[in-house]
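Enquirer: File structure_0.csv below, CSV, C-alpha atoms:
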```
chain,number,residue,atom,x,y,z
D,1380,MET,CA,1.3,-31.1,-34.4
D,1381,LEU,CA,-1.9,-32.7,-33.3
D,1382,SER,CA,-4.6,-30.6,-34.7
D,1383,ARG,CA,-7.9,-32.2,-35.4
D,1384,THR,CA,-6.6,-32.9,-38.9
D,1385,SER,CA,-3.6,-34.7,-37.4
D,1386,THR,CA,-5.8,-36.8,-35.2
D,1387,THR,CA,-7.7,-38.1,-38.2
D,1388,LEU,CA,-4.3,-38.6,-40.0
D,1389,LEU,CA,-3.0,-40.7,-37.1
D,1390,GLU,CA,-6.2,-42.8,-36.7
D,1391,GLY,CA,-5.9,-44.0,-40.2
D,1392,LEU,CA,-2.4,-45.4,-39.4
D,1393,HIS,CA,-4.0,-48.2,-37.2
D,1394,ASP,CA,-4.9,-50.0,-40.4
D,1395,PRO,CA,-1.8,-51.4,-42.1
D,1396,GLN,CA,-3.8,-51.8,-45.3
D,1397,ASN,CA,-4.6,-48.1,-45.3
D,1398,ASP,CA,-2.0,-46.9,-47.8
D,1399,GLY,CA,-3.6,-43.5,-48.1
D,1400,ALA,CA,-3.2,-42.8,-44.4
D,1401,TRP,CA,0.5,-43.7,-44.6
D,1402,ARG,CA,1.0,-41.5,-47.7
D,1403,ARG,CA,-0.8,-38.5,-46.0
D,1404,PHE,CA,1.3,-39.0,-42.8
D,1405,TYR,CA,4.5,-39.2,-44.8
D,1406,ALA,CA,3.5,-36.1,-46.9
D,1407,ARG,CA,2.8,-34.2,-43.8
D,1408,TYR,CA,5.9,-35.0,-41.7
D,1409,ALA,CA,8.6,-36.1,-44.2
D,1410,PRO,CA,9.4,-32.5,-45.4
D,1411,MET,CA,9.9,-31.1,-42.0
D,1412,LEU,CA,12.0,-34.0,-40.9
D,1413,CYS,CA,14.0,-33.7,-44.1
D,1414,SER,CA,14.6,-30.0,-43.4
D,1415,TYR,CA,15.6,-30.8,-39.8
D,1416,ALA,CA,18.1,-33.4,-40.9
D,1417,ARG,CA,19.6,-31.1,-43.4
D,1418,ARG,CA,19.7,-28.2,-40.9
D,1419,ILE,CA,21.8,-30.3,-38.6
D,1420,GLY,CA,24.2,-31.0,-41.4
D,1421,LEU,CA,23.4,-34.6,-42.4
D,1422,SER,CA,24.3,-35.8,-45.9
D,1423,ASP,CA,21.6,-36.5,-48.4
D,1424,ALA,CA,21.9,-40.3,-47.8
D,1425,ASP,CA,21.7,-39.8,-44.1
D,1426,VAL,CA,18.8,-37.5,-44.4
D,1427,GLN,CA,16.8,-40.1,-46.3
D,1428,GLU,CA,17.7,-42.8,-43.7
D,1429,VAL,CA,16.7,-40.6,-40.7
D,1430,VAL,CA,13.4,-39.5,-42.3
D,1431,SER,CA,12.4,-43.0,-43.3
D,1432,ASP,CA,13.5,-44.7,-40.1
D,1433,THR,CA,11.8,-42.1,-37.9
D,1434,LEU,CA,8.4,-42.3,-39.7
D,1435,THR,CA,8.5,-46.1,-39.9
D,1436,THR,CA,9.4,-46.3,-36.2
D,1437,PHE,CA,6.7,-43.9,-35.2
D,1438,VAL,CA,4.0,-45.8,-37.1
D,1439,GLN,CA,5.2,-49.0,-35.5
D,1440,VAL,CA,5.0,-47.4,-32.0
D,1441,TYR,CA,1.6,-46.1,-32.9
D,1442,ARG,CA,0.2,-49.4,-34.1
D,1443,ASP,CA,1.6,-51.2,-31.0
D,1444,GLY,CA,-0.4,-48.8,-28.9
D,1445,ARG,CA,2.7,-47.3,-27.3
D,1446,TYR,CA,2.0,-43.8,-28.4
D,1447,ASP,CA,0.2,-42.1,-25.4
D,1448,ARG,CA,-0.8,-38.6,-26.1
D,1449,GLY,CA,-1.6,-38.1,-22.5
D,1450,LYS,CA,2.1,-38.6,-21.7
D,1451,ALA,CA,3.6,-36.5,-24.4
D,1452,ARG,CA,2.7,-34.5,-27.5
D,1453,LEU,CA,3.2,-35.7,-31.0
D,1454,LYS,CA,6.1,-33.3,-31.3
D,1455,SER,CA,7.9,-34.9,-28.4
D,1456,TRP,CA,7.3,-38.4,-29.7
D,1457,LEU,CA,8.4,-37.7,-33.2
D,1458,GLY,CA,11.2,-35.4,-32.1
D,1459,GLY,CA,12.4,-38.0,-29.6
D,1460,ILE,CA,12.5,-40.8,-32.2
D,1461,ALA,CA,14.2,-38.5,-34.8
D,1462,LYS,CA,16.9,-37.4,-32.3
D,1463,LYS,CA,17.6,-41.0,-31.3
D,1464,LYS,CA,18.0,-42.0,-35.0
D,1465,VAL,CA,20.4,-39.1,-35.5
D,1466,LEU,CA,22.4,-40.0,-32.4
D,1467,LYS,CA,22.7,-43.6,-33.6
D,1468,LEU,CA,23.7,-42.6,-37.1
D,1469,ARG,CA,26.3,-40.1,-35.7
D,1470,ALA,CA,27.7,-42.8,-33.4
D,1471,ARG,CA,28.0,-45.1,-36.3
D,1472,ARG,CA,29.7,-42.5,-38.4
D,1473,ARG,CA,31.9,-41.4,-35.5
D,1474,ASP,CA,33.0,-45.0,-34.8
D,1475,LEU,CA,34.0,-45.3,-38.4
D,1476,SER,CA,35.9,-42.0,-38.4
D,1477,LEU,CA,37.5,-42.7,-35.0
D,1478,ASP,CA,38.7,-46.0,-36.2
D,1479,ALA,CA,40.3,-44.2,-39.2
D,1480,LEU,CA,41.9,-41.6,-36.9
D,1481,ARG,CA,43.1,-44.3,-34.4
D,1482,SER,CA,44.6,-46.2,-37.2
D,1483,ALA,CA,46.3,-43.0,-38.5
D,1484,ASN,CA,47.4,-42.3,-35.0
D,1485,GLY,CA,49.2,-45.6,-34.7
D,1486,GLY,CA,46.4,-47.2,-32.7
D,1487,ARG,CA,46.5,-44.6,-29.9
D,1488,SER,CA,43.3,-43.0,-28.6
D,1489,VAL,CA,42.0,-39.8,-30.1
D,1490,HIS,CA,39.7,-37.0,-28.9
D,1491,GLU,CA,36.0,-37.8,-29.3
D,1492,PRO,CA,33.9,-34.8,-30.2
D,1493,ALA,CA,30.8,-34.1,-28.1
D,1494,ALA,CA,27.4,-34.8,-29.8
D,1495,PRO,CA,25.7,-31.5,-30.7
D,1496,ASP,CA,22.2,-30.7,-29.3
D,1497,ASP,CA,19.7,-30.7,-32.2
D,1498,SER,CA,16.7,-29.8,-30.2
D,1499,ALA,CA,16.6,-26.1,-31.4
D,1500,ALA,CA,16.7,-27.2,-35.0
D,1501,PHE,CA,13.8,-29.6,-34.5
D,1502,GLU,CA,11.8,-27.0,-32.6
D,1503,LEU,CA,12.3,-24.5,-35.5
D,1504,GLU,CA,11.3,-27.0,-38.1
D,1505,TRP,CA,8.2,-27.9,-36.1
D,1506,GLN,CA,7.2,-24.2,-35.9
D,1507,LEU,CA,7.8,-23.8,-39.6
D,1508,GLU,CA,5.6,-26.9,-40.3
D,1509,ARG,CA,2.9,-25.4,-38.1
D,1510,LEU,CA,3.2,-22.2,-40.2
D,1511,ASN,CA,3.0,-24.3,-43.4
D,1512,GLN,CA,-0.2,-25.8,-42.3
D,1513,ALA,CA,-1.6,-22.4,-41.3
D,1514,LEU,CA,-0.7,-21.0,-44.7
D,1515,GLU,CA,-2.5,-23.9,-46.4
D,1516,LEU,CA,-5.6,-23.3,-44.3
D,1517,LEU,CA,-5.4,-19.6,-45.0
D,1518,ARG,CA,-5.1,-20.2,-48.8
D,1519,ARG,CA,-8.2,-22.4,-48.7
D,1520,GLU,CA,-10.4,-20.0,-46.8
D,1521,ALA,CA,-9.3,-16.7,-48.3
D,1522,GLU,CA,-10.5,-15.0,-51.5
D,1523,PRO,CA,-7.9,-16.0,-54.2
D,1524,GLU,CA,-7.2,-12.4,-55.0
D,1525,THR,CA,-6.7,-11.4,-51.4
D,1526,TYR,CA,-4.3,-14.2,-50.8
D,1527,GLN,CA,-2.4,-13.5,-54.0
D,1528,ALA,CA,-2.0,-9.8,-53.0
D,1529,PHE,CA,-0.6,-11.0,-49.7
D,1530,ASP,CA,1.7,-13.5,-51.3
D,1531,LEU,CA,3.0,-11.2,-54.0
D,1532,TYR,CA,3.4,-8.1,-52.0
D,1533,GLY,CA,4.0,-9.4,-48.4
D,1534,VAL,CA,6.0,-12.6,-49.1
D,1535,LYS,CA,7.5,-12.2,-52.5
D,1536,GLY,CA,8.2,-8.5,-52.0
D,1537,TRP,CA,6.8,-7.1,-55.2
D,1538,PRO,CA,6.1,-3.3,-55.0
D,1539,ALA,CA,2.5,-2.6,-54.1
D,1540,ALA,CA,1.9,-0.7,-57.3
D,1541,ARG,CA,3.0,-3.7,-59.4
D,1542,VAL,CA,0.8,-6.0,-57.4
D,1543,ALA,CA,-2.1,-3.6,-57.8
D,1544,ALA,CA,-1.6,-3.3,-61.5
D,1545,PHE,CA,-1.3,-7.1,-61.8
D,1546,LEU,CA,-4.5,-7.8,-59.9
D,1547,GLY,CA,-6.4,-4.8,-61.2
D,1548,VAL,CA,-6.9,-3.3,-57.7
D,1549,THR,CA,-5.7,-0.2,-55.9
D,1550,SER,CA,-2.5,-0.1,-53.9
D,1551,ASN,CA,-4.5,0.5,-50.8
D,1552,ALA,CA,-6.4,-2.7,-51.4
D,1553,VAL,CA,-3.1,-4.5,-51.6
D,1554,TYR,CA,-2.0,-3.1,-48.2
D,1555,ILE,CA,-5.3,-4.0,-46.6
D,1556,SER,CA,-5.1,-7.5,-48.0
D,1557,LYS,CA,-1.6,-8.0,-46.6
D,1558,THR,CA,-2.6,-6.6,-43.2
D,1559,ARG,CA,-5.8,-8.8,-43.0
D,1560,MET,CA,-4.0,-11.9,-44.2
D,1561,THR,CA,-1.1,-11.6,-41.8
D,1562,ALA,CA,-3.6,-11.0,-38.9
D,1563,ARG,CA,-5.6,-14.1,-39.9
D,1564,LEU,CA,-2.5,-16.2,-40.4
D,1565,ARG,CA,-1.4,-15.3,-36.9
D,1566,GLU,CA,-4.8,-16.4,-35.6
D,1567,ILE,CA,-4.6,-19.7,-37.4
D,1568,VAL,CA,-1.0,-20.4,-36.2
D,1569,ASP,CA,-2.1,-19.6,-32.6
D,1570,ARG,CA,-5.1,-22.0,-32.9
D,1571,LEU,CA,-3.0,-24.8,-34.3
D,1572,ALA,CA,-0.5,-24.3,-31.4
D,1573,ALA,CA,-3.4,-24.4,-28.9
D,1574,GLU,CA,-4.7,-27.6,-30.5
D,1575,GLU,CA,-1.3,-29.2,-30.0
D,1576,GLU,CA,-1.6,-28.8,-26.2
M,1409,MET,CA,0.8,15.9,-39.5
M,1410,ARG,CA,-1.9,13.4,-40.2
M,1411,CYS,CA,-1.6,9.8,-39.2
M,1412,LEU,CA,0.5,7.6,-41.5
M,1413,THR,CA,-1.1,5.5,-44.2
M,1414,ASP,CA,-0.5,1.8,-44.4
M,1415,GLU,CA,1.8,2.6,-47.4
M,1416,GLN,CA,3.9,5.0,-45.4
M,1417,ILE,CA,4.3,2.6,-42.5
M,1418,ASP,CA,5.3,-0.1,-44.9
M,1419,GLN,CA,7.8,2.2,-46.6
M,1420,LEU,CA,9.2,3.1,-43.2
M,1421,LEU,CA,9.8,-0.6,-42.5
M,1422,ARG,CA,11.3,-1.3,-45.9
M,1423,ASP,CA,13.5,1.8,-46.0
M,1424,PRO,CA,13.9,3.4,-42.6
M,1425,ASN,CA,16.2,6.1,-44.1
M,1426,GLY,CA,14.1,6.8,-47.1
M,1427,GLY,CA,12.4,10.1,-48.0
M,1428,GLY,CA,10.2,11.5,-45.3
M,1429,ALA,CA,11.3,8.9,-42.8
M,1430,GLY,CA,12.4,11.5,-40.2
M,1431,ARG,CA,9.1,13.3,-40.4
M,1432,HIS,CA,7.1,10.1,-40.1
M,1433,LEU,CA,9.2,8.9,-37.2
M,1434,ALA,CA,8.7,12.2,-35.4
M,1435,HIS,CA,4.9,11.7,-35.9
M,1436,ILE,CA,5.1,8.2,-34.6
M,1437,HIS,CA,6.9,9.3,-31.6
M,1438,ARG,CA,3.9,11.5,-30.7
M,1439,CYS,CA,1.1,9.3,-31.9
M,1440,VAL,CA,0.1,6.2,-29.9
M,1441,SER,CA,-2.1,4.9,-32.6
M,1442,CYS,CA,0.6,5.0,-35.3
M,1443,ARG,CA,3.1,3.6,-32.9
M,1444,ARG,CA,0.9,0.6,-32.3
M,1445,ARG,CA,0.4,0.2,-36.0
M,1446,LEU,CA,4.1,0.3,-36.6
M,1447,ASP,CA,4.7,-2.3,-33.9
M,1448,ALA,CA,2.0,-4.5,-35.5
M,1449,ALA,CA,3.7,-4.1,-38.9
M,1450,ARG,CA,7.0,-5.0,-37.4
M,1451,ALA,CA,5.5,-8.2,-36.0
M,1452,ASP,CA,4.1,-8.9,-39.5
M,1453,VAL,CA,7.6,-8.6,-40.9
M,1454,GLU,CA,8.8,-11.3,-38.5
M,1455,LEU,CA,6.0,-13.5,-39.6
M,1456,ILE,CA,6.8,-12.9,-43.3
M,1457,GLU,CA,10.4,-13.7,-42.5
M,1458,GLN,CA,9.3,-17.0,-41.1
M,1459,ILE,CA,7.3,-17.8,-44.3
M,1460,ARG,CA,10.4,-17.0,-46.3
M,1461,GLU,CA,12.5,-19.3,-44.1
M,1462,LEU,CA,9.8,-22.0,-44.5
M,1463,GLN,CA,10.0,-21.6,-48.3
M,1464,ARG,CA,13.8,-21.8,-48.2
M,1465,SER,CA,13.7,-24.8,-45.9
M,1466,ARG,CA,11.2,-26.7,-48.0
M,1467,SER,CA,12.7,-25.8,-51.4
M,1468,MET,CA,15.8,-27.8,-50.4
M,1469,VAL,CA,13.6,-30.9,-49.8
M,1470,GLY,CA,13.2,-33.1,-52.8
M,1471,PRO,CA,10.2,-35.1,-53.7
M,1472,GLY,CA,11.4,-37.9,-51.4
```
Before we go any further, please render this structure as structure tokens.
Expert:
Amino acid sequence: MLSRTSTTLLEGLHDPQNDGAWRRFYARYAPMLCSYARRIGLSDADVQEVVSDTLTTFVQVYRDGRYDRGKARLKSWLGGIAKKKVLKLRARRRDLSLDALRSANGGRSVHEPAAPDDSAAFELEWQLERLNQALELLRREAEPETYQAFDLYGVKGWPAARVAAFLGVTSNAVYISKTRMTARLREIVDRLAAEEE
Amino acid sequence: MRCLTDEQIDQLLRDPNGGGAGRHLAHIHRCVSCRRRLDAARADVELIEQIRELQRSRSMVGPG
């Protein structure tokens, strides 16, 4: 996700003393990597390992000047690193379990399962993270009451009359808020996607 | 029949078999404007579902 904000975020990573840049980078990408790792069925311990290794490796690559945005987008770089980490981890786990199976099978060879393709899971989490950023931008720019109407009615599914009573507005205002906010959210999502290109 | 209100379109999406749904759908069948609004509302539902998926996904993520 290389929006203008992301560009600033990455630039700060050049300086190893810039703890704030690392924290912001981690806060931005760790949750989506975590969700990705969980989505593909890794254990809690493995999730932490993959997330930590992926982000650390990316920062190293970035500081070494090997990250070339002209060759690939941030999504491809980060996704590529994450998928390699998962492959290595699975290979390690598979070797361990295959050893156990071979041993149980009297040392004879056993069937090795094919590695699953996790690309769809990464793509989904990337899209969700883009949506997450868009929601944050929407929250910042919208009138608090309008955003709240959208959140309570549209997202949380409260009845419109309840939201209207809670916010002291008409039900029609609640419908209009939801319609406007979703339209605006879609615009922001599209803009972020375009900025990634 | 007059064009549907936002509330009626919303109710149609939330409960396609609810009261008045048949009458509303018959109107939508004839009215290009309401059909467009229903399509837009359906697209909104997809977006909302993505937000819920995001919340489910992130709620499983600890502080790290």
Enquirer: Env of M:Ala1448: 12 Å cut, atoms = all atoms listed in the file, seq-sep filter 4 positions within chain, self excluded. Answer as a list in words.
Expert: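 Surrounding residues, per the criterion: Thr1558, Arg1559, Thr1561, Ala1562 and Arg1565 of chain D; Asp1414, Ile1417, Asp1418, Leu1421, Ser1441, Cys1442, Arg1443, Arg1444, Asp1452, Val1453, Glu1454 and Leu1455 of chain M.
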Enquirer: Can you pull out every residue within 12 Å of D:Lys1535, counting only C-alpha atoms, but drop anything in the same chain fewer than 3 positions away, and send it as a list in words?
Expert: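 The residues that qualify are Gln1527, Ala1528, Phe1529, Asp1530, Leu1531, Tyr1532, Pro1538, Ala1539, Arg1541, Val1542 and Lys1557 of chain D; Ile1456, Glu1457, Ile1459, Arg1460 and Gln1463 of chain M.
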Enquirer: Which chain D residues have any atom within 9 Å of an atom of chain M, and for each, what is the nearest pair of atoms with distance in Å to one decimal, counting all atoms listed in the file, rows sorted by chain and number, as CSV?
Expert:
```
residue,atom,partner,partner_atom,distance
D:Ala1409,CA,M:Gly1472,CA,7.9
D:Pro1410,CA,M:Val1469,CA,6.3
D:Met1411,CA,M:Arg1466,CA,7.6
D:Cys1413,CA,M:Val1469,CA,6.4
D:Ser1414,CA,M:Ser1465,CA,5.8
D:Tyr1415,CA,M:Ser1465,CA,8.8
D:Arg1417,CA,M:Met1468,CA,8.6
D:Arg1418,CA,M:Ser1465,CA,8.5
D:Gln1427,CA,M:Gly1472,CA,7.7
D:Glu1504,CA,M:Leu1462,CA,8.3
D:Leu1507,CA,M:Leu1462,CA,5.6
D:Glu1508,CA,M:Leu1462,CA,7.7
D:Leu1510,CA,M:Ile1459,CA,7.3
D:Asn1511,CA,M:Leu1462,CA,7.3
D:Leu1514,CA,M:Ile1459,CA,8.6
D:Gly1533,CA,M:Ile1456,CA,6.8
D:Val1534,CA,M:Ile1456,CA,5.9
D:Lys1535,CA,M:Arg1460,CA,8.4
D:Ala1539,CA,M:Glu1415,CA,8.5
D:Ser1550,CA,M:Glu1415,CA,8.2
D:Asn1551,CA,M:Glu1415,CA,7.5
D:Tyr1554,CA,M:Asp1414,CA,6.4
D:Ile1555,CA,M:Asp1414,CA,7.8
D:Thr1558,CA,M:Asp1452,CA,8.0
D:Thr1561,CA,M:Asp1452,CA,6.3
D:Ala1562,CA,M:Asp1452,CA,8.0
D:Leu1564,CA,M:Leu1455,CA,9.0
D:Arg1565,CA,M:Leu1455,CA,8.1
```
Enquirer: Please, could you write that set of residues out with C-alpha atoms as a tab-separated table (two decimals), keeping the file's coordinate frame?
Expert:
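Printed below is again-v3.tsv as written:
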```tsv
chain	number	residue	atom	x	y	z
D	1409	ALA	CA	8.60	-36.10	-44.20
D	1410	PRO	CA	9.40	-32.50	-45.40
D	1411	MET	CA	9.90	-31.10	-42.00
D	1413	CYS	CA	14.00	-33.70	-44.10
D	1414	SER	CA	14.60	-30.00	-43.40
D	1415	TYR	CA	15.60	-30.80	-39.80
D	1417	ARG	CA	19.60	-31.10	-43.40
D	1418	ARG	CA	19.70	-28.20	-40.90
D	1427	GLN	CA	16.80	-40.10	-46.30
D	1504	GLU	CA	11.30	-27.00	-38.10
D	1507	LEU	CA	7.80	-23.80	-39.60
D	1508	GLU	CA	5.60	-26.90	-40.30
D	1510	LEU	CA	3.20	-22.20	-40.20
D	1511	ASN	CA	3.00	-24.30	-43.40
D	1514	LEU	CA	-0.70	-21.00	-44.70
D	1533	GLY	CA	4.00	-9.40	-48.40
D	1534	VAL	CA	6.00	-12.60	-49.10
D	1535	LYS	CA	7.50	-12.20	-52.50
D	1539	ALA	CA	2.50	-2.60	-54.10
D	1550	SER	CA	-2.50	-0.10	-53.90
D	1551	ASN	CA	-4.50	0.50	-50.80
D	1554	TYR	CA	-2.00	-3.10	-48.20
D	1555	ILE	CA	-5.30	-4.00	-46.60
D	1558	THR	CA	-2.60	-6.60	-43.20
D	1561	THR	CA	-1.10	-11.60	-41.80
D	1562	ALA	CA	-3.60	-11.00	-38.90
D	1564	LEU	CA	-2.50	-16.20	-40.40
D	1565	ARG	CA	-1.40	-15.30	-36.90
```
Enquirer: Please, what distance in Å, to one decimal, runs between atom CA of D:Leu1392 and atom CA of D:Arg1442?
Expert: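 Spanning atom CA of D:Leu1392 to atom CA of D:Arg1442 is a straight-line distance of 7.1 Å.
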Enquirer: May I ask for the distance between atom CA of D:Tyr1441 and atom CA of D:Leu1517, given in Å to one decimal place?
Expert: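 Computing it gives 30.0 Å between the two atoms.
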